[in-house]
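Below is one structure; the comments refer to it alone.
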Amino acid sequence: MATLAPASPIVPGSVLLAAHNVRKVYGHDRTPVLENVTVELRDGEFIALLGPSGSGKSTLLRILAGLMDASAGDVLVHGEPRRGLNPDIAIVFQSFALFPWLTVLQNVELGLLATGASDDERRRRALKAIDLIGLDGYEEAFPKELSGGMKQRVGFARALVVEPEVLFMDEPFSALDVLTGENLRGELQDLWSEHTIPTRAVLMVTHNIDEAVSLADRILVFGANPGHVRVELSGLPLAERRKKGPARAQLVDTIYHIMTNPTEDAIAFAEQRVARVPSRATGAAAPVERAPRRYQTLPDVGIDDLTGFVQYLSGTGGRGNLHELSRDLQMRADDLLALVEATDLLGLADMQERQVFLTPIGQRFAEVELDEEKAIFRTVAIEHISLLRHIVRELEDAPTHTIEAEGVLDDLEHSFSGAEARRQFETVVDWGRYAELFTYDDAAGELRLDEEHRMDLRTKAQDA
Amino acid sequence: MPAPRWVDALMLVALAAVGYGVMRAAAEWRAPLTPGMRIDLSPTNLPYYAGLSTLRMAIAYIISLVFSLVYARVAASSRIAERVMLPLLDILQSIPILSFMPGVVLGLAAMFPGRTVGLELAAVILIFTSQAWNLAFSFHQSLITIPRELGEAASVYRLGLWRRFTKLELPYGAIALIANSMMSWAGGWFFLMASEQFTLGDKNLRLPGLGSYLAAAADAGDTRALGLGLGTLVAVIVLLDQLLWRPLVAWSDRFKFEQTGSADAPQSVTLDMLQRSAAVHWVQVRLLRPVFSFIDRRMSPMGGTAAGAPPTQPRERARGALVVFALAGVALAAVLAWGAWSALSTVASLTAGDWGYVLRCAGATFLRTSVALLLAAAWTVPVGVAIGMNARLARKLQPVVQIAASVPATAVFPVLLFALLALPGGLNMAAVALMLLGTQWYVLFNVIAGAMAIPSDLREAAMVYHVSGWRRWKTLILPAIFPYLVTGMITATGGAWNASIVSEYVTFAGRKVSTLGLGALIAQAADSGRFPLLLAGTLVMSAIVIAGNRLVWRRLYVLAESRFRLE
Ligand SMILES: Nc1ncnc2c1ncn2[C@@H]1O[C@H](COP(=O)(O)OP(=O)(O)OP(=O)(O)O)[C@@H](O)[C@H]1O
Ligand SMILES: [Mg+2]
């Protein structure tokens with residue numbers, strides 16, 4: 001097997017790249033996407049970022065890479081503050097980001113165009129990277145002729161050929177099917193652990209807990225709204241990473257627990273579970289004091305999935321183990337977690353350790369006919385979801401029982417970033433419509449109290 | 001390397017012919033300007049005239065293309081630029097450029113006294129204004145839809161401005177650019193006649209070309225020459241389609257942004273032949289590749305420096321660019337303000353009576369365009385739906401419709417005048433007919449596309465539930481084609497107003513005929529040099545088109561998008 005240029009000896013502990021107290025606000029949003037985030041990437045280290053959707057992992061990666069600037073805080077390269085693109089990096093993208101009109105070879109050479117290498121030199125190095133990553137014979141193929149796994153190999157070859165000091169990966173395996181992803185991950189792990197590539201540090205964003213545990217020296221778990229580092233865990237010793245054993249199972253368990261309990265004190269929990277919490281100094285800066293939130297964060301879960309999930313649980317005896325559920329339902333861990341969180345929030349299910357249980361009301365919800373199902377949902381939703389309660393009250397008070405969506409969104413933007421506010425709105429509309437609390441006219445941008453509910457109000461008013 | 005074939009011989013002949021044509025044309029441009037130049041109606045001259053017209057179109061097209069690429073690129077580079085440049089493009093698009101032709105012609109003729117170059121430039125400018133805007137819009141649209149990660153890859157691998165443009169942006173926009181280029185050429189042919197003959201007061205200036213040939217034939221009442229001229233025009237259009245556009249469309253399939261291969265890629269026999277030609281291969285390897293590679297190196301600042309060169313400071317460069325931009329912006333604003341002030345003071349000389357007349361004219365043209373658009377919708381909707389929902393019919397009729405659509409309505413106009421002018425209300429009818437001819441195709445093509453896009457399961461559902469007749473139209477077909485219909489109508493409206501200038505006031509068989517209308521007002525004022533009236537008419541027309549777009553069509557479009565879009 002070919003190797004790229006030999007790596008110079010690693011100096012453990014020296015910091016290659018760091019973000020200090022970084023804050024990021026997009027455009028004219030009122031709330032930040034990242035707040036007070038500190039991360040240090042040291043020589044020889046592989047870091048994984050885990051966290052719910054929208055917690056700003058990709059944003060942090062792009063700030064560290066220099067693709068965008070932080071709104072506040074510093075990015076330091078070898079201890080020097082920097083603005084603009086970081087010179088010694090490469091990125092592997094989730095969508096591969098290959099140029100469809102260039103061949104595999106041309107795509108890989110792309111990374112070298114700016115180095116000023118001669119045509120021959122460029123070709124030689126590109127061919128070597130192609131060889132290294134197992135793409136021999138595909139040099140003249142176009143990306144559209146390749147399978148997903150092969151495409152991502154091109155992505156890796158293009159990144160590695162520039163011999164970056166730091167390699168960034170944004171969910172590199174999540175567009176691939178499970179087996180392909182695992183296979184490619186294994187190969188990457190070999191290249192990395194055997195120092196076949198001169199890369200000195202890797203930062204990977206992922207949704208997959210297994211992936212993080214089997215690759216990383218350090219795992220940062222992010223929290224959302226605004227994005228921050230909740231806890232920092234050290235990874236397993238190299239020998240224990242790949243084989244299934246008690247140490248690995250325990251770490252996976254711990255992370256599951258932390259991620260399913262977004263409001264719990266993650267650091268305290270981790271300290272009690274594993275003796276692997278590193279110093280608080282670098283990663284998990286103390287959570288910032290924030291004004292109390294007006295509404296809970298609704299997980300991005302559609303009503304069909306929600307009811308389907310409760311039905312499914314009822315079919316398996318009203319309980320389920322997260323691992324098994326993830327496997328049986330063929331869902332990504334974070335999608336499943338969002339579902340569990342939604343049922344938990346509504347009081348339809350409870351979660352203990354890694355078990356989900358239906359509550360009695362959840363059990364009833366699963367058994368009854370559609371009309372009653374909706375009635376139950378209406379009750380629990382009004383009881384537990386502050387935003388829904390708030391909207392219904394506003395609708396009842398409005399003279400025409402109609403309110404503008406714009407107003408609700410505006411209100412939400414005090415608590416969430418622009419895109420997140422919209423998602424919250426869409427979720428609450430989905431739930432509220434199903435509960436027959438209100439209707440939503442997208443073209444007019446108006447929420448309108450449900451007909452029956454309105455009649456109730458009228459009779460009440462007449463009685464009074 | 002492929003062996004030489006007869007294609008190569010053919011290519012050499014073609015090359016010689018083009019070279020000769022350009023030389024002849026250059027001689028023509030240096031020729032002294034003679035008012036009332038005679039057009040020889042003998043058929044042997046037709047290839048020569050056709051060549052000249054095509055060359056003019058090609059030059060204008062190349063300028064349009066370069067302009068559009070630069071304009072769209074700059075507009076996409078910053079939010080401020082975008083805020084200014086996009087609305088500006090919208091306004092430029094709705095200005096009836098024919099209004100300004102007399103001024104342009106006068107100015108250019110003064111710059112090259114006694115030579116035809118000035119007139120040629122005026123022709124090219126006119127054609128340019130009918131080709132450039134949609135190209136610019138299309139490329140800008142491509143630029144802002146480049147997938148985020150692809151753009152980031154270009155940044156991470158430091159492609160630099162030039163390589164980013166050639167390796168990412170241009171390929172990404174290529175397919176849309178080629179489709180729009182075909183539309184641009186159709187738009188250019190529409191002004192074929194207007195671009196080759198200008199009236200300045202009592203002077204009649206002509207350029208040799210197919211357009212003036214047609215006009216001369218109509219003037220002389222020579223139906224045979226008129227028919228031959230039209231035939232030549234159709235032949236040129238078909239040839240261009242076969243030899244240029246189809247190969248380009250087939251070739252550009254490689255730029256399709258898709259992750260998986262598709263089965264039915266566009267085909268072109270010409271492209272297949274070219275790709276097998278030895279000469280083409282030689283030119284590609286020995287000429288184009290080294291030249292491109294040389295340009296590539298010269299245009300990329302990083303080329304030649306060793307790896308590990310100090311990182312560039314994009315911020316500082318951006319600041320420099322910003323200063324330049326700001327200065328250019330201030331200069332532009334000053335010129336615009338001056339222009340607006342002069343325009344105002346010119347228009348201020350008009351009396352209330354004049355304004356009343358302008359508005360009455362606008363009303364008349366508004367009625368005419370409305371009738372034309374209604375007629376267009378009335379026949380294109382049933383026919384378009386019939387074609388679009390029947391794959392077999394579509395395959396048979398599509399090429400016919402395409403050829404019919406590509407014949408510029410203005411070229412057919414003299415024939416129409418022959419037939420209609422003698423009837424009562426003749427020019428009125430002829431004007432509506434021209435507007436209809438010029439704009440119905442946009443609507444038809446869009447309706448066909450809309451009908452083709454109706455998912456077959458929806459159609460089957462309609463059948464299963466016995467939804468038929470009017471109910472079927474109301475619940476299935478009309479909602480499905482509505483967004484497409486609106487898109488077609490937007491383009492058609494602008495086209496219809498523009499057409500009024502050439503259709504409401506005509507010189508036919510030596511006589512001037514006109515009818516009440518804004519187009520007639522503009523054409524007449526231009527003819528007689530009444531600039532205040534000309535300006536007022538132009539402003540009113542632009543305002544109507546822009547207001548119509550903003551207040552009616554855009555809203556309908558948004559409604560259509562949100563309510564009726566089938567996903
Ligand atoms: N260019 C942008 N403009 C405005 N908002 C943005 C932009 N990019 C991201 N966001 C918003 O910032 C928040 C964080 O996004 P980011 O992509 O960093 O999250 P993430 O943790 O990577 O999520 P995921 O797991 O879904 O990839 C989201 O609410 C997102 O909608
Ligand atoms: Mg992300």
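Please note that chains go A, B, ... in the order of the structure tokens, that every chain numbers its residues from 1, and that ligands are numbered from 1 in the order shown.
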Quick one: contact table of chain A to ligand 2, 10 Å max, nearest atom pair and distance in Å to one decimal per residue, counting only C-alpha atoms and all ligand atoms, chain and number order, as a Markdown table?
```
| residue | atom | partner | partner_atom_place_in_ligand_line | distance |
| --- | --- | --- | --- | --- |
| A:Gly51 | CA | ligand 2 | 1 (Mg) | 9.6 |
| A:Pro52 | CA | ligand 2 | 1 (Mg) | 9.4 |
| A:Ser53 | CA | ligand 2 | 1 (Mg) | 7.1 |
| A:Gly54 | CA | ligand 2 | 1 (Mg) | 7.1 |
| A:Ser55 | CA | ligand 2 | 1 (Mg) | 8.3 |
| A:Gly56 | CA | ligand 2 | 1 (Mg) | 7.0 |
| A:Lys57 | CA | ligand 2 | 1 (Mg) | 5.7 |
| A:Ser58 | CA | ligand 2 | 1 (Mg) | 4.1 |
| A:Thr59 | CA | ligand 2 | 1 (Mg) | 7.2 |
| A:Leu60 | CA | ligand 2 | 1 (Mg) | 9.3 |
| A:Leu61 | CA | ligand 2 | 1 (Mg) | 8.8 |
| A:Arg62 | CA | ligand 2 | 1 (Mg) | 9.9 |
| A:Phe93 | CA | ligand 2 | 1 (Mg) | 9.9 |
| A:Gln94 | CA | ligand 2 | 1 (Mg) | 8.6 |
| A:Asp170 | CA | ligand 2 | 1 (Mg) | 6.6 |
| A:Glu171 | CA | ligand 2 | 1 (Mg) | 7.2 |
| A:Val205 | CA | ligand 2 | 1 (Mg) | 7.2 |
| A:Thr206 | CA | ligand 2 | 1 (Mg) | 8.1 |
| A:His207 | CA | ligand 2 | 1 (Mg) | 9.0 |
```
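Near chain B, the residues of chain A that fall inside 8 Å (using only C-alpha atoms) are Leu67, Gly84, Leu85, Asn86, Pro87, Ile89, Ala90, Ile91, Phe93, Ser95, Ala97, Leu98, Phe99, Pro100, Trp101, Leu110, Gly111, Leu112, Leu113, Ala114, Thr115, Gly116, Ala117, Pro143, Lys144, Glu145 and Ala443 of chain A.
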Would you mind exporting the chosen residues as a compact mmCIF listing (two decimals), in the first residue's frame, restricted to N, CA and C atoms?
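Below you can see part.txt, which holds the result:
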```txt
# COMPACT_ATOMS: atom_id res chain seq x y z
N LEU A 67 -14.24 28.77 7.24
CA LEU A 67 -15.18 29.06 6.16
C LEU A 67 -16.10 30.20 6.54
N GLY A 84 -10.31 34.39 8.28
CA GLY A 84 -10.23 33.86 6.92
C GLY A 84 -9.91 32.37 6.93
N LEU A 85 -9.80 31.81 5.76
CA LEU A 85 -9.68 30.36 5.62
C LEU A 85 -8.39 29.84 6.25
N ASN A 86 -8.52 28.75 6.97
CA ASN A 86 -7.39 28.09 7.59
C ASN A 86 -6.61 27.31 6.53
N PRO A 87 -5.32 27.58 6.37
CA PRO A 87 -4.60 27.03 5.22
C PRO A 87 -4.38 25.52 5.24
N ILE A 89 -6.02 22.72 6.12
CA ILE A 89 -7.11 21.82 6.47
C ILE A 89 -7.73 21.22 5.23
N ALA A 90 -8.55 20.21 5.44
CA ALA A 90 -9.39 19.68 4.37
C ALA A 90 -10.69 19.26 5.03
N ILE A 91 -11.74 19.19 4.23
CA ILE A 91 -13.04 18.80 4.77
C ILE A 91 -13.62 17.66 3.95
N PHE A 93 -17.25 16.05 3.23
CA PHE A 93 -18.63 16.51 3.40
C PHE A 93 -19.62 15.36 3.41
N SER A 95 -22.48 15.36 1.91
CA SER A 95 -23.05 15.15 0.57
C SER A 95 -21.96 14.84 -0.45
N ALA A 97 -19.95 16.40 -2.02
CA ALA A 97 -19.54 17.65 -2.68
C ALA A 97 -18.52 17.41 -3.78
N LEU A 98 -18.79 16.38 -4.60
CA LEU A 98 -17.92 16.14 -5.76
C LEU A 98 -18.44 16.96 -6.94
N PHE A 99 -17.54 17.31 -7.85
CA PHE A 99 -17.96 18.04 -9.04
C PHE A 99 -18.37 17.01 -10.10
N PRO A 100 -19.66 16.96 -10.44
CA PRO A 100 -20.15 15.87 -11.28
C PRO A 100 -19.55 15.87 -12.68
N TRP A 101 -19.05 17.05 -13.13
CA TRP A 101 -18.52 17.12 -14.49
C TRP A 101 -17.03 16.81 -14.54
N LEU A 110 -8.16 18.41 -7.91
CA LEU A 110 -8.69 19.73 -7.58
C LEU A 110 -8.04 20.32 -6.35
N GLY A 111 -7.84 19.47 -5.35
CA GLY A 111 -7.27 19.94 -4.11
C GLY A 111 -5.86 20.48 -4.29
N LEU A 112 -5.18 20.04 -5.36
CA LEU A 112 -3.77 20.41 -5.54
C LEU A 112 -3.58 21.59 -6.47
N LEU A 113 -4.67 22.01 -7.13
CA LEU A 113 -4.53 23.09 -8.12
C LEU A 113 -3.87 24.31 -7.53
N ALA A 114 -4.29 24.64 -6.31
CA ALA A 114 -3.82 25.89 -5.73
C ALA A 114 -2.40 25.80 -5.18
N THR A 115 -1.85 24.58 -5.10
CA THR A 115 -0.51 24.46 -4.53
C THR A 115 0.56 24.86 -5.53
N GLY A 116 0.20 24.98 -6.80
CA GLY A 116 1.17 25.35 -7.80
C GLY A 116 2.07 24.19 -8.22
N ALA A 117 1.71 22.98 -7.82
CA ALA A 117 2.48 21.82 -8.25
C ALA A 117 2.38 21.67 -9.77
N PRO A 143 -18.37 10.80 -11.18
CA PRO A 143 -19.03 10.49 -9.90
C PRO A 143 -20.37 9.79 -10.06
N LYS A 144 -21.15 10.17 -11.09
CA LYS A 144 -22.49 9.58 -11.16
C LYS A 144 -22.45 8.09 -11.48
N GLU A 145 -21.30 7.60 -11.90
CA GLU A 145 -21.20 6.16 -12.17
C GLU A 145 -20.88 5.38 -10.90
N ALA A 443 -51.44 30.19 2.96
CA ALA A 443 -51.40 31.29 2.00
C ALA A 443 -51.64 32.62 2.69
```
Please identify all polymer residues within 12 Å of B:Arg554, counting only C-alpha atoms, omitting same-chain residues fewer than 4 positions from it, and present them as a short mmCIF file (atom, residue, chain, number, x, y, z; two decimals) with N, CA and C atoms, in the first residue's frame.
```cif
data_model
loop_
_atom_site.label_atom_id
_atom_site.label_comp_id
_atom_site.auth_asym_id
_atom_site.auth_seq_id
_atom_site.Cartn_x
_atom_site.Cartn_y
_atom_site.Cartn_z
N PRO B 483 -49.53 27.22 -12.38
CA PRO B 483 -48.23 27.90 -12.20
C PRO B 483 -47.50 28.06 -13.53
N VAL B 486 -49.05 30.87 -15.59
CA VAL B 486 -48.65 32.19 -15.11
C VAL B 486 -47.24 32.52 -15.59
N THR B 487 -46.33 31.56 -15.48
CA THR B 487 -44.97 31.79 -15.96
C THR B 487 -44.97 32.21 -17.41
N MET B 489 -47.43 33.54 -19.11
CA MET B 489 -48.11 34.82 -19.30
C MET B 489 -47.20 35.99 -18.93
N ILE B 490 -46.34 35.80 -17.93
CA ILE B 490 -45.43 36.89 -17.54
C ILE B 490 -44.56 37.27 -18.73
N THR B 491 -43.95 36.26 -19.35
CA THR B 491 -43.10 36.54 -20.49
C THR B 491 -43.91 37.12 -21.64
N VAL B 545 -45.65 47.81 -17.63
CA VAL B 545 -45.15 46.43 -17.63
C VAL B 545 -44.66 46.04 -16.24
N ILE B 546 -43.88 46.95 -15.62
CA ILE B 546 -43.35 46.63 -14.29
C ILE B 546 -44.48 46.48 -13.27
N ALA B 547 -45.42 47.43 -13.32
CA ALA B 547 -46.52 47.36 -12.36
C ALA B 547 -47.33 46.08 -12.57
N GLY B 548 -47.57 45.74 -13.83
CA GLY B 548 -48.31 44.51 -14.11
C GLY B 548 -47.59 43.30 -13.53
N ASN B 549 -46.26 43.26 -13.74
CA ASN B 549 -45.48 42.15 -13.20
C ASN B 549 -45.59 42.07 -11.69
N ARG B 550 -45.38 43.24 -11.05
CA ARG B 550 -45.32 43.25 -9.60
C ARG B 550 -46.69 43.00 -8.98
N VAL B 558 -46.93 33.61 -6.83
CA VAL B 558 -46.72 33.16 -5.45
C VAL B 558 -47.89 32.28 -5.02
N LEU B 559 -49.10 32.73 -5.37
CA LEU B 559 -50.28 31.94 -5.05
C LEU B 559 -50.18 30.56 -5.70
N ALA B 560 -49.81 30.57 -6.98
CA ALA B 560 -49.72 29.31 -7.71
C ALA B 560 -48.70 28.40 -7.06
N GLU B 561 -47.55 28.98 -6.70
CA GLU B 561 -46.48 28.18 -6.11
C GLU B 561 -46.93 27.54 -4.81
#
```
Original post:
Which polymer residues have any atom within 7 Å of an atom of stretch 422-435 of chain A, counting only C-alpha atoms, with same-chain residues fewer than 5 positions away left out, as a PyMOL selection string?
Top reply: chain A and resi 298+300-303+374+377-378+388+409
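Here the question is which of A:Ser118, A:Ser193, A:Gln311, A:Asn225 gets nearest to ligand 1 using only C-alpha atoms and all ligand atoms, and that residue is A:Asn225.
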**OP:** Show which residues sit within 7 Å of B:Ala523, as a PyMOL selection string. Count only C-alpha atoms, and ignore same-chain residues fewer than 6 positions away.
**Re:** chain B and resi 99+501+505
Put those residues in a file: N, CA and C atoms, as a PDB file, in the first residue's frame.
```pdb
ATOM      1  N   SER B  99     -37.692  52.403 -28.433  1.00  0.00           N
ATOM      2  CA  SER B  99     -37.867  53.840 -28.235  1.00  0.00           C
ATOM      3  C   SER B  99     -36.549  54.585 -28.345  1.00  0.00           C
ATOM      4  N   ILE B 501     -44.882  48.382 -30.547  1.00  0.00           N
ATOM      5  CA  ILE B 501     -44.116  49.443 -31.208  1.00  0.00           C
ATOM      6  C   ILE B 501     -43.919  49.147 -32.693  1.00  0.00           C
ATOM      7  N   TYR B 505     -47.715  51.037 -35.925  1.00  0.00           N
ATOM      8  CA  TYR B 505     -47.315  52.123 -36.823  1.00  0.00           C
ATOM      9  C   TYR B 505     -46.374  51.503 -37.833  1.00  0.00           C
TER      10      TYR B 505
END
```
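Of the residues listed (A:Gln250, A:Ser386, A:Ser326, A:Ser174), A:Ser174 shows the shortest atom-to-atom separation from ligand 1; distances use only C-alpha atoms and all ligand atoms.
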